[in-house]
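Source file: target.cif (mmCIF, C-alpha atoms)
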```cif
data_my_file
#
loop_
_atom_site.group_PDB
_atom_site.id
_atom_site.type_symbol
_atom_site.label_atom_id
_atom_site.label_comp_id
_atom_site.auth_asym_id
_atom_site.auth_seq_id
_atom_site.Cartn_x
_atom_site.Cartn_y
_atom_site.Cartn_z
ATOM 1 C CA MET A 738 13.999 -47.618 -22.949
ATOM 2 C CA GLY A 739 15.282 -44.524 -24.718
ATOM 3 C CA LYS A 740 12.055 -42.655 -24.069
ATOM 4 C CA ILE A 741 12.659 -42.891 -20.327
ATOM 5 C CA PHE A 742 15.647 -40.601 -20.721
ATOM 6 C CA ASP A 743 13.916 -38.083 -22.974
ATOM 7 C CA MET A 744 13.950 -34.647 -21.356
ATOM 8 C CA ASP A 745 10.128 -34.543 -21.383
ATOM 9 C CA SER A 746 9.654 -37.997 -19.862
ATOM 10 C CA PRO A 747 8.161 -38.231 -16.335
ATOM 11 C CA VAL A 748 11.387 -39.774 -15.022
ATOM 12 C CA MET A 749 13.577 -36.955 -16.327
ATOM 13 C CA ARG A 750 11.135 -34.286 -15.140
ATOM 14 C CA PHE A 751 11.223 -35.857 -11.683
ATOM 15 C CA LEU A 752 15.033 -35.998 -11.660
ATOM 16 C CA ASN A 753 15.248 -32.388 -12.839
ATOM 17 C CA ARG A 754 12.902 -31.332 -10.051
ATOM 18 C CA VAL A 755 15.007 -33.211 -7.489
ATOM 19 C CA ALA A 756 18.145 -31.515 -8.809
ATOM 20 C CA ASP A 757 16.473 -28.089 -8.637
ATOM 21 C CA LEU A 758 15.353 -28.658 -5.047
ATOM 22 C CA LEU A 759 18.832 -29.863 -4.106
ATOM 23 C CA MET A 760 20.495 -26.758 -5.575
ATOM 24 C CA LEU A 761 17.885 -24.512 -3.989
ATOM 25 C CA ASN A 762 18.362 -26.112 -0.573
ATOM 26 C CA ILE A 763 22.136 -25.689 -0.650
ATOM 27 C CA LEU A 764 21.759 -22.126 -1.938
ATOM 28 C CA MET A 765 19.377 -21.388 0.942
ATOM 29 C CA ILE A 766 21.811 -22.731 3.532
ATOM 30 C CA PHE A 767 24.695 -20.600 2.289
ATOM 31 C CA CYS A 768 22.544 -17.470 1.925
ATOM 32 C CA CYS A 769 21.214 -17.902 5.480
ATOM 33 C CA ILE A 770 24.673 -18.094 7.071
ATOM 34 C CA PRO A 771 24.886 -14.326 7.775
ATOM 35 C CA VAL A 772 21.594 -14.751 9.773
ATOM 36 C CA ILE A 773 20.404 -11.252 8.908
ATOM 37 C CA THR A 774 19.738 -12.445 5.336
ATOM 38 C CA ILE A 775 17.438 -15.301 6.394
ATOM 39 C CA GLY A 776 14.256 -13.326 5.654
ATOM 40 C CA ALA A 777 15.368 -12.330 2.165
ATOM 41 C CA SER A 778 16.564 -15.885 1.507
ATOM 42 C CA PHE A 779 13.237 -17.447 2.491
ATOM 43 C CA THR A 780 11.389 -14.907 0.364
ATOM 44 C CA ALA A 781 13.595 -15.673 -2.635
ATOM 45 C CA MET A 782 13.171 -19.411 -2.128
ATOM 46 C CA HIS A 783 9.392 -19.127 -2.106
ATOM 47 C CA TYR A 784 9.525 -16.937 -5.218
ATOM 48 C CA VAL A 785 11.340 -19.740 -7.065
ATOM 49 C CA ILE A 786 9.314 -22.595 -5.569
ATOM 50 C CA LEU A 787 5.937 -21.043 -6.346
ATOM 51 C CA LYS A 788 7.029 -20.780 -9.974
ATOM 52 C CA MET A 789 8.086 -24.444 -9.868
ATOM 53 C CA VAL A 790 4.694 -25.519 -8.566
ATOM 54 C CA ARG A 791 2.912 -23.493 -11.249
ATOM 55 C CA GLY A 792 5.182 -24.681 -14.050
ATOM 56 C CA GLU A 793 6.530 -21.173 -14.647
ATOM 57 C CA GLU A 794 10.115 -21.703 -13.552
ATOM 58 C CA GLY A 795 12.995 -20.142 -15.458
ATOM 59 C CA TYR A 796 16.602 -19.824 -14.343
ATOM 60 C CA LEU A 797 16.787 -20.874 -10.704
ATOM 61 C CA PHE A 798 19.729 -18.723 -9.606
ATOM 62 C CA ARG A 799 18.584 -15.675 -11.563
ATOM 63 C CA GLY A 800 15.058 -15.899 -10.139
ATOM 64 C CA PHE A 801 16.361 -16.439 -6.607
ATOM 65 C CA PHE A 802 18.666 -13.431 -6.558
ATOM 66 C CA LYS A 803 16.147 -11.260 -8.406
ATOM 67 C CA SER A 804 13.677 -11.753 -5.559
ATOM 68 C CA PHE A 805 16.438 -11.596 -2.942
ATOM 69 C CA VAL A 806 17.513 -8.120 -4.037
ATOM 70 C CA ARG A 807 14.023 -6.858 -4.776
ATOM 71 C CA ASN A 808 12.550 -7.828 -1.395
ATOM 72 C CA PHE A 809 15.675 -7.497 0.754
ATOM 73 C CA LYS A 810 14.620 -4.417 2.706
ATOM 74 C CA GLN A 811 11.106 -5.555 3.625
ATOM 75 C CA ALA A 812 12.110 -9.183 4.188
ATOM 76 C CA THR A 813 14.979 -8.164 6.463
ATOM 77 C CA LEU A 814 12.821 -5.811 8.527
ATOM 78 C CA ILE A 815 10.167 -8.496 8.960
ATOM 79 C CA TRP A 816 12.827 -11.069 9.832
ATOM 80 C CA LEU A 817 14.389 -8.784 12.462
ATOM 81 C CA ILE A 818 10.960 -8.248 14.034
ATOM 82 C CA MET A 819 10.394 -12.013 14.071
ATOM 83 C CA LEU A 820 13.882 -12.577 15.477
ATOM 84 C CA LEU A 821 13.188 -10.144 18.307
ATOM 85 C CA ALA A 822 9.855 -11.841 19.032
ATOM 86 C CA MET A 823 11.564 -15.251 19.065
ATOM 87 C CA ALA A 824 14.227 -13.943 21.468
ATOM 88 C CA VAL A 825 11.505 -12.695 23.822
ATOM 89 C CA PHE A 826 9.695 -16.042 23.587
ATOM 90 C CA ILE A 827 12.876 -18.016 24.307
ATOM 91 C CA GLY A 828 13.711 -15.678 27.176
ATOM 92 C CA ASP A 829 10.264 -16.164 28.676
ATOM 93 C CA SER A 830 10.564 -19.933 28.276
ATOM 94 C CA LEU A 831 13.897 -19.971 30.112
ATOM 95 C CA ILE A 832 12.461 -17.843 32.908
ATOM 96 C CA PHE A 833 9.499 -20.203 33.272
ATOM 97 C CA LYS A 834 11.797 -23.213 33.382
ATOM 98 C CA TYR A 835 14.606 -22.041 35.658
ATOM 99 C CA SER A 836 13.007 -19.344 37.794
ATOM 100 C CA MET A 837 12.189 -20.165 41.394
ATOM 101 C CA VAL A 838 8.893 -18.311 40.970
ATOM 102 C CA GLU A 839 5.733 -20.342 40.349
ATOM 103 C CA PHE A 840 4.049 -18.747 37.365
ATOM 104 C CA PRO A 841 0.301 -19.182 36.691
ATOM 105 C CA LYS A 842 -0.385 -21.961 34.192
ATOM 106 C CA ILE A 843 -2.618 -19.649 32.189
ATOM 107 C CA LEU A 844 0.327 -17.275 31.659
ATOM 108 C CA VAL A 845 2.615 -20.091 30.518
ATOM 109 C CA THR A 846 -0.086 -21.421 28.191
ATOM 110 C CA ALA A 847 -0.678 -17.963 26.738
ATOM 111 C CA VAL A 848 3.030 -17.456 26.000
ATOM 112 C CA VAL A 849 3.274 -20.867 24.299
ATOM 113 C CA ALA A 850 0.123 -20.147 22.270
ATOM 114 C CA VAL A 851 1.507 -16.802 21.103
ATOM 115 C CA GLY A 852 4.757 -18.499 20.071
ATOM 116 C CA ILE A 853 2.907 -21.131 18.029
ATOM 117 C CA ILE A 854 0.692 -18.519 16.373
ATOM 118 C CA MET A 855 3.766 -16.457 15.504
ATOM 119 C CA LEU A 856 5.353 -19.444 13.758
ATOM 120 C CA LEU A 857 2.154 -20.296 11.863
ATOM 121 C CA VAL A 858 1.779 -16.704 10.657
ATOM 122 C CA GLY A 859 5.445 -16.698 9.670
ATOM 123 C CA MET A 860 4.818 -19.559 7.230
ATOM 124 C CA TYR A 861 2.694 -17.210 5.118
ATOM 125 C CA VAL A 862 4.679 -13.981 5.521
ATOM 126 C CA PHE A 863 7.594 -14.725 3.201
ATOM 127 C CA PRO A 864 5.522 -16.432 0.465
ATOM 128 C CA LEU A 865 3.192 -13.400 0.500
ATOM 129 C CA LEU A 866 6.146 -11.063 0.297
ATOM 130 C CA ALA A 867 7.538 -13.055 -2.627
ATOM 131 C CA ARG A 868 4.247 -12.968 -4.530
ATOM 132 C CA PHE A 869 2.589 -9.628 -3.666
ATOM 133 C CA GLU A 870 3.719 -6.067 -3.239
ATOM 134 C CA ASN A 871 2.421 -4.626 0.017
ATOM 135 C CA THR A 872 3.425 -2.802 3.170
ATOM 136 C CA ILE A 873 5.010 -4.748 6.014
ATOM 137 C CA ARG A 874 1.953 -4.139 8.184
ATOM 138 C CA ASN A 875 -0.472 -5.418 5.546
ATOM 139 C CA THR A 876 1.753 -8.380 4.696
ATOM 140 C CA VAL A 877 1.767 -9.538 8.319
ATOM 141 C CA LYS A 878 -1.969 -8.841 8.682
ATOM 142 C CA ASN A 879 -2.770 -10.787 5.511
ATOM 143 C CA ALA A 880 -0.564 -13.654 6.702
ATOM 144 C CA ALA A 881 -2.528 -13.830 9.963
ATOM 145 C CA ILE A 882 -5.848 -13.783 8.101
ATOM 146 C CA LEU A 883 -4.777 -16.532 5.693
ATOM 147 C CA MET A 884 -3.408 -18.618 8.556
ATOM 148 C CA LEU A 885 -6.763 -18.600 10.336
ATOM 149 C CA ALA A 886 -8.933 -18.841 7.226
ATOM 150 C CA ASN A 887 -7.056 -21.926 5.969
ATOM 151 C CA LEU A 888 -6.279 -23.633 9.272
ATOM 152 C CA PRO A 889 -6.266 -27.267 8.022
ATOM 153 C CA LYS A 890 -3.803 -26.384 5.253
ATOM 154 C CA THR A 891 -1.819 -24.289 7.712
ATOM 155 C CA LEU A 892 -1.415 -27.253 10.059
ATOM 156 C CA LEU A 893 -0.373 -29.497 7.170
ATOM 157 C CA MET A 894 2.183 -26.887 6.087
ATOM 158 C CA ALA A 895 3.486 -26.819 9.655
ATOM 159 C CA PHE A 896 3.864 -30.602 9.573
ATOM 160 C CA PHE A 897 5.940 -30.351 6.383
ATOM 161 C CA TYR A 898 8.329 -27.895 8.032
ATOM 162 C CA VAL A 899 8.575 -29.790 11.328
ATOM 163 C CA ALA A 900 9.021 -33.246 9.749
ATOM 164 C CA PRO A 901 12.780 -32.845 9.008
ATOM 165 C CA LEU A 902 13.379 -31.803 12.637
ATOM 166 C CA ILE A 903 11.512 -34.870 13.887
ATOM 167 C CA ILE A 904 13.382 -37.156 11.505
ATOM 168 C CA GLY A 905 16.703 -35.585 12.488
ATOM 169 C CA TYR A 906 15.923 -36.020 16.184
ATOM 170 C CA PHE A 907 15.366 -39.771 15.824
ATOM 171 C CA SER A 908 18.035 -40.504 13.223
ATOM 172 C CA THR A 909 21.461 -38.930 12.856
ATOM 173 C CA TYR A 910 21.802 -40.750 9.531
ATOM 174 C CA SER A 911 19.196 -38.408 8.095
ATOM 175 C CA TYR A 912 21.392 -35.317 8.512
ATOM 176 C CA ILE A 913 22.793 -35.593 5.002
ATOM 177 C CA PHE A 914 19.263 -35.794 3.585
ATOM 178 C CA ILE A 915 18.245 -32.766 5.659
ATOM 179 C CA PHE A 916 21.276 -30.852 4.366
ATOM 180 C CA MET A 917 20.272 -31.726 0.814
ATOM 181 C CA PHE A 918 16.482 -31.287 1.004
ATOM 182 C CA GLY A 919 15.448 -30.289 4.551
ATOM 183 C CA ILE A 920 14.367 -26.739 3.645
ATOM 184 C CA SER A 921 13.382 -26.797 -0.019
ATOM 185 C CA VAL A 922 11.250 -29.962 0.008
ATOM 186 C CA PRO A 923 8.989 -28.851 2.926
ATOM 187 C CA ALA A 924 8.657 -25.433 1.247
ATOM 188 C CA TYR A 925 7.773 -27.177 -2.020
ATOM 189 C CA GLY A 926 5.047 -29.165 -0.285
ATOM 190 C CA ALA A 927 3.752 -26.020 1.391
ATOM 191 C CA ALA A 928 3.697 -24.189 -1.950
ATOM 192 C CA TRP A 929 1.313 -26.779 -3.373
ATOM 193 C CA LEU A 930 -1.075 -25.797 -0.590
ATOM 194 C CA TYR A 931 -0.743 -22.008 -0.595
ATOM 195 C CA SER A 932 -0.599 -21.685 -4.390
ATOM 196 C CA GLY A 933 -4.338 -22.267 -4.626
ATOM 197 C CA ILE A 934 -4.948 -19.847 -1.751
ATOM 198 C CA PHE A 935 -2.929 -17.146 -3.524
ATOM 199 C CA LYS A 936 -4.798 -17.746 -6.782
ATOM 200 C CA LYS A 937 -7.964 -16.444 -5.113
ATOM 201 C CA LEU A 938 -6.165 -13.185 -4.307
ATOM 202 C CA GLU A 939 -4.698 -12.622 -7.760
ATOM 203 C CA PRO A 940 -6.544 -10.460 -10.308
ATOM 204 C CA GLU A 941 -7.712 -12.634 -13.180
ATOM 205 C CA SER A 942 -6.413 -10.107 -15.698
ATOM 206 C CA GLU A 943 -2.856 -10.234 -14.298
ATOM 207 C CA GLU A 944 -0.126 -12.520 -15.545
ATOM 208 C CA THR A 945 0.894 -14.861 -12.741
ATOM 209 C CA SER A 946 4.573 -14.227 -13.482
ATOM 210 C CA ASP A 947 4.167 -10.514 -12.636
ATOM 211 C CA LEU A 948 4.495 -9.498 -9.000
ATOM 212 C CA ASP A 949 3.436 -5.871 -9.471
ATOM 213 C CA PHE A 950 0.107 -5.845 -7.711
ATOM 214 C CA THR A 951 -1.164 -5.525 -4.170
ATOM 215 C CA ILE A 952 -3.628 -7.427 -2.020
ATOM 216 C CA ASP A 953 -6.653 -5.262 -1.345
ATOM 217 C CA THR A 954 -6.893 -4.976 2.434
ATOM 218 C CA ASN A 955 -9.822 -2.555 2.582
#
```
Take the structure I supplied and represent it as C-alpha coordinates, if you would.
Amino acid sequence: MGKIFDMDSPVMRFLNRVADLLMLNILMIFCCIPVITIGASFTAMHYVILKMVRGEEGYLFRGFFKSFVRNFKQATLIWLIMLLAMAVFIGDSLIFKYSMVEFPKILVTAVVAVGIIMLLVGMYVFPLLARFENTIRNTVKNAAILMLANLPKTLLMAFFYVAPLIIGYFSTYSYIFIFMFGISVPAYGAAWLYSGIFKKLEPESEETSDLDFTIDTN
(Lines of atoms letter the chains of each structure in order from A and count residues from 1; the text may use other names and numbers.)
(Lines give C-alpha, C1' and ligand atoms only; values in the text may rest on other atoms or scores of the structure.)
Protein backbone atom coordinates (compact mmCIF):
# COMPACT_ATOMS: atom_id res chain seq x y z
CA MET A 1 0.00 0.00 0.00
CA GLY A 2 2.82 2.36 0.89
CA LYS A 3 4.45 1.91 -2.50
CA ILE A 4 1.39 3.42 -4.17
CA PHE A 5 2.21 6.74 -2.56
CA ASP A 6 5.91 6.67 -3.38
CA MET A 7 6.84 9.68 -5.51
CA ASP A 8 8.04 7.38 -8.32
CA SER A 9 4.94 5.18 -8.35
CA PRO A 10 2.66 5.31 -11.43
CA VAL A 11 -0.20 6.67 -9.31
CA MET A 12 1.85 9.56 -7.93
CA ARG A 13 3.34 10.35 -11.35
CA PHE A 14 -0.18 10.49 -12.76
CA LEU A 15 -1.40 12.75 -9.95
CA ASN A 16 1.62 15.02 -10.36
CA ARG A 17 0.92 15.28 -14.08
CA VAL A 18 -2.73 16.15 -13.40
CA ALA A 19 -1.64 18.82 -10.92
CA ASP A 20 0.83 20.27 -13.44
CA LEU A 21 -1.81 20.42 -16.17
CA LEU A 22 -4.26 22.04 -13.77
CA MET A 23 -1.77 24.75 -12.78
CA LEU A 24 -0.78 25.28 -16.40
CA ASN A 25 -4.40 25.62 -17.50
CA ILE A 26 -5.19 28.23 -14.85
CA LEU A 27 -1.95 30.06 -15.61
CA MET A 28 -2.90 30.11 -19.30
CA ILE A 29 -6.33 31.56 -18.58
CA PHE A 30 -4.96 34.42 -16.49
CA CYS A 31 -2.13 35.17 -18.94
CA CYS A 32 -4.61 35.28 -21.85
CA ILE A 33 -6.91 37.83 -20.20
CA PRO A 34 -5.16 40.87 -21.77
CA VAL A 35 -5.92 39.22 -25.20
CA ILE A 36 -2.78 40.66 -26.78
CA THR A 37 -0.71 38.17 -24.75
CA ILE A 38 -2.57 35.10 -26.05
CA GLY A 39 0.13 34.27 -28.63
CA ALA A 40 2.96 34.45 -26.12
CA SER A 41 0.90 32.45 -23.61
CA PHE A 42 0.20 29.64 -26.07
CA THR A 43 3.86 29.55 -27.06
CA ALA A 44 4.94 29.33 -23.42
CA MET A 45 2.39 26.61 -22.72
CA HIS A 46 3.66 24.48 -25.58
CA TYR A 47 7.24 25.03 -24.42
CA VAL A 48 6.33 23.54 -21.03
CA ILE A 49 4.08 20.79 -22.39
CA LEU A 50 6.59 19.53 -24.94
CA LYS A 51 9.09 19.13 -22.10
CA MET A 52 6.44 17.23 -20.11
CA VAL A 53 5.83 14.83 -22.98
CA ARG A 54 9.56 14.23 -23.41
CA GLY A 55 10.21 13.83 -19.69
CA GLU A 56 12.41 16.93 -19.58
CA GLU A 57 10.23 19.15 -17.43
CA GLY A 58 11.74 21.37 -14.75
CA TYR A 59 10.06 24.21 -12.89
CA LEU A 60 6.70 24.84 -14.52
CA PHE A 61 6.35 28.56 -13.78
CA ARG A 62 10.00 29.33 -14.53
CA GLY A 63 9.85 27.48 -17.86
CA PHE A 64 6.56 29.13 -18.80
CA PHE A 65 7.69 32.69 -18.20
CA LYS A 66 11.12 32.03 -19.71
CA SER A 67 9.46 31.14 -23.01
CA PHE A 68 6.84 33.86 -22.59
CA VAL A 69 9.46 36.60 -22.38
CA ARG A 70 11.80 35.08 -24.93
CA ASN A 71 9.17 34.66 -27.65
CA PHE A 72 6.88 37.57 -26.75
CA LYS A 73 7.66 39.76 -29.75
CA GLN A 74 7.32 37.11 -32.45
CA ALA A 75 4.38 35.36 -30.78
CA THR A 76 2.50 38.64 -30.38
CA LEU A 77 3.07 39.68 -34.00
CA ILE A 78 1.89 36.30 -35.25
CA TRP A 79 -1.12 36.43 -32.92
CA LEU A 80 -2.09 39.92 -34.12
CA ILE A 81 -1.90 38.72 -37.74
CA MET A 82 -4.08 35.72 -36.85
CA LEU A 83 -6.48 37.97 -34.94
CA LEU A 84 -6.85 40.24 -37.96
CA ALA A 85 -7.45 37.23 -40.22
CA MET A 86 -10.07 35.89 -37.80
CA ALA A 87 -11.81 39.29 -37.73
CA VAL A 88 -11.96 39.30 -41.54
CA PHE A 89 -13.32 35.74 -41.55
CA ILE A 90 -15.99 36.56 -38.96
CA GLY A 91 -16.90 39.72 -40.86
CA ASP A 92 -17.28 37.77 -44.08
CA SER A 93 -19.39 35.16 -42.31
CA LEU A 94 -21.74 37.82 -40.95
CA ILE A 95 -22.05 39.41 -44.38
CA PHE A 96 -22.90 36.04 -45.93
CA LYS A 97 -25.51 35.37 -43.26
CA TYR A 98 -27.28 38.72 -42.97
CA SER A 99 -26.71 40.38 -46.33
CA MET A 100 -29.61 40.54 -48.76
CA VAL A 101 -27.19 39.66 -51.56
CA GLU A 102 -27.05 36.06 -52.79
CA PHE A 103 -23.39 35.11 -52.82
CA PRO A 104 -22.07 32.26 -55.00
CA LYS A 105 -21.75 29.01 -53.06
CA ILE A 106 -18.21 28.57 -54.32
CA LEU A 107 -17.22 31.88 -52.70
CA VAL A 108 -18.79 30.91 -49.37
CA THR A 109 -17.12 27.49 -49.51
CA ALA A 110 -13.75 29.07 -50.29
CA VAL A 111 -13.99 31.46 -47.33
CA VAL A 112 -14.92 28.61 -44.96
CA ALA A 113 -12.07 26.47 -46.32
CA VAL A 114 -9.56 29.29 -45.79
CA GLY A 115 -10.81 29.74 -42.22
CA ILE A 116 -10.39 26.03 -41.45
CA ILE A 117 -6.92 25.93 -43.01
CA MET A 118 -5.92 28.99 -40.98
CA LEU A 119 -6.95 27.26 -37.75
CA LEU A 120 -5.15 24.02 -38.67
CA VAL A 121 -1.94 25.91 -39.49
CA GLY A 122 -2.30 27.84 -36.24
CA MET A 123 -2.09 24.58 -34.26
CA TYR A 124 1.53 24.20 -35.39
CA VAL A 125 2.64 27.84 -35.31
CA PHE A 126 3.02 28.32 -31.56
CA PRO A 127 4.58 24.88 -30.86
CA LEU A 128 7.10 25.60 -33.64
CA LEU A 129 7.82 29.00 -32.19
CA ALA A 130 8.32 27.44 -28.76
CA ARG A 131 10.73 24.81 -30.07
CA PHE A 132 12.65 26.45 -32.95
CA GLU A 133 14.20 29.81 -33.63
CA ASN A 134 13.08 31.15 -36.99
CA THR A 135 11.61 34.15 -38.75
CA ILE A 136 7.86 34.74 -38.59
CA ARG A 137 7.55 34.03 -42.30
CA ASN A 138 9.40 30.72 -42.07
CA THR A 139 7.55 29.71 -38.92
CA VAL A 140 4.18 30.15 -40.63
CA LYS A 141 5.44 28.46 -43.81
CA ASN A 142 6.80 25.49 -41.85
CA ALA A 143 3.51 25.24 -39.94
CA ALA A 144 1.60 25.04 -43.23
CA ILE A 145 3.97 22.37 -44.57
CA LEU A 146 3.72 20.26 -41.41
CA MET A 147 -0.06 20.62 -41.37
CA LEU A 148 -0.37 19.18 -44.87
CA ALA A 149 2.40 16.59 -44.54
CA ASN A 150 0.87 15.14 -41.35
CA LEU A 151 -2.83 15.56 -42.13
CA PRO A 152 -4.16 12.57 -40.11
CA LYS A 153 -2.31 13.75 -36.99
CA THR A 154 -3.40 17.31 -37.73
CA LEU A 155 -7.06 16.28 -37.77
CA LEU A 156 -6.64 14.34 -34.53
CA MET A 157 -4.99 17.39 -32.94
CA ALA A 158 -7.94 19.47 -34.12
CA PHE A 159 -10.32 17.01 -32.47
CA PHE A 160 -8.44 17.36 -29.16
CA TYR A 161 -8.84 21.15 -29.25
CA VAL A 162 -12.49 21.10 -30.35
CA ALA A 163 -13.59 18.39 -27.88
CA PRO A 164 -13.91 20.74 -24.85
CA LEU A 165 -16.10 23.10 -26.91
CA ILE A 166 -18.35 20.21 -27.93
CA ILE A 167 -18.57 18.93 -24.37
CA GLY A 168 -19.29 22.43 -23.07
CA TYR A 169 -22.04 22.92 -25.66
CA PHE A 170 -23.92 19.81 -24.54
CA SER A 171 -23.25 20.04 -20.81
CA THR A 172 -23.02 23.14 -18.65
CA TYR A 173 -21.81 20.91 -15.81
CA SER A 174 -18.55 20.46 -17.68
CA TYR A 175 -17.60 24.14 -17.41
CA ILE A 176 -15.62 23.60 -14.23
CA PHE A 177 -13.67 20.78 -15.90
CA ILE A 178 -13.02 23.01 -18.92
CA PHE A 179 -11.79 25.79 -16.62
CA MET A 180 -9.43 23.32 -14.96
CA PHE A 181 -8.19 21.36 -17.99
CA GLY A 182 -9.86 22.65 -21.18
CA ILE A 183 -6.70 24.17 -22.67
CA SER A 184 -3.76 22.26 -21.22
CA VAL A 185 -5.11 18.71 -21.68
CA PRO A 186 -5.89 19.11 -25.43
CA ALA A 187 -2.46 20.74 -25.88
CA TYR A 188 -0.89 17.83 -24.00
CA GLY A 189 -2.58 15.34 -26.31
CA ALA A 190 -1.48 17.34 -29.34
CA ALA A 191 2.10 17.44 -28.06
CA TRP A 192 2.25 13.65 -28.05
CA LEU A 193 1.52 13.83 -31.78
CA TYR A 194 3.76 16.71 -32.86
CA SER A 195 6.69 15.71 -30.63
CA GLY A 196 7.60 12.91 -33.02
CA ILE A 197 7.17 15.24 -36.00
CA PHE A 198 9.54 17.78 -34.43
CA LYS A 199 12.10 15.07 -33.67
CA LYS A 200 12.61 14.61 -37.41
CA LEU A 201 13.50 18.30 -37.72
CA GLU A 202 15.94 18.41 -34.81
CA PRO A 203 19.67 17.92 -35.42
CA GLU A 204 20.78 14.67 -33.82
CA SER A 205 23.79 16.38 -32.28
CA GLU A 206 21.65 18.97 -30.46
CA GLU A 207 20.35 18.61 -26.94
CA THR A 208 16.56 18.56 -27.02
CA SER A 209 16.41 21.03 -24.13
CA ASP A 210 18.20 23.69 -26.22
CA LEU A 211 16.07 25.87 -28.47
CA ASP A 212 18.96 27.61 -30.24
CA PHE A 213 18.66 26.18 -33.71
CA THR A 214 16.64 26.85 -36.83
CA ILE A 215 14.63 24.73 -39.22
CA ASP A 216 16.35 24.62 -42.59
CA THR A 217 13.84 25.98 -45.08
CA ASN A 218 16.08 25.93 -48.15
*Written as a ChimeraX atom specification, what is the full residue list that the PyMOL selection byres ((chain A and resi 788) around 10) yields on the file shown?*
/A:783-787,789-795,797,800,868,928,932,945-946
*What residues come out when you apply the PyMOL selection byres ((chain A and resi 780) around 12) to this file, written as a PyMOL selection string?*
chain A and resi 765+768-769+774-779+781-787+800-813+815-816+859-869+924
*At a cut-off of 12 Å from (22.0, -29.0, -2.8) in the coordinates of the file, what residues are picked up using all atoms listed in the file, written as a ChimeraX atom specification?*
/A:754-767,913-922
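The shortest atom-to-atom distance to A:Thr891, with only C-alpha atoms taken into account, belongs to A:Ile853 out of A:Ile853, A:Ile903, A:Ile873, A:Ile770.
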*asked:* Measuring between all atoms listed in the file, which one of A:Met855, A:Arg799, A:Asn871, A:Val848 shows the shortest distance to A:Leu821?
replied: A:Met855
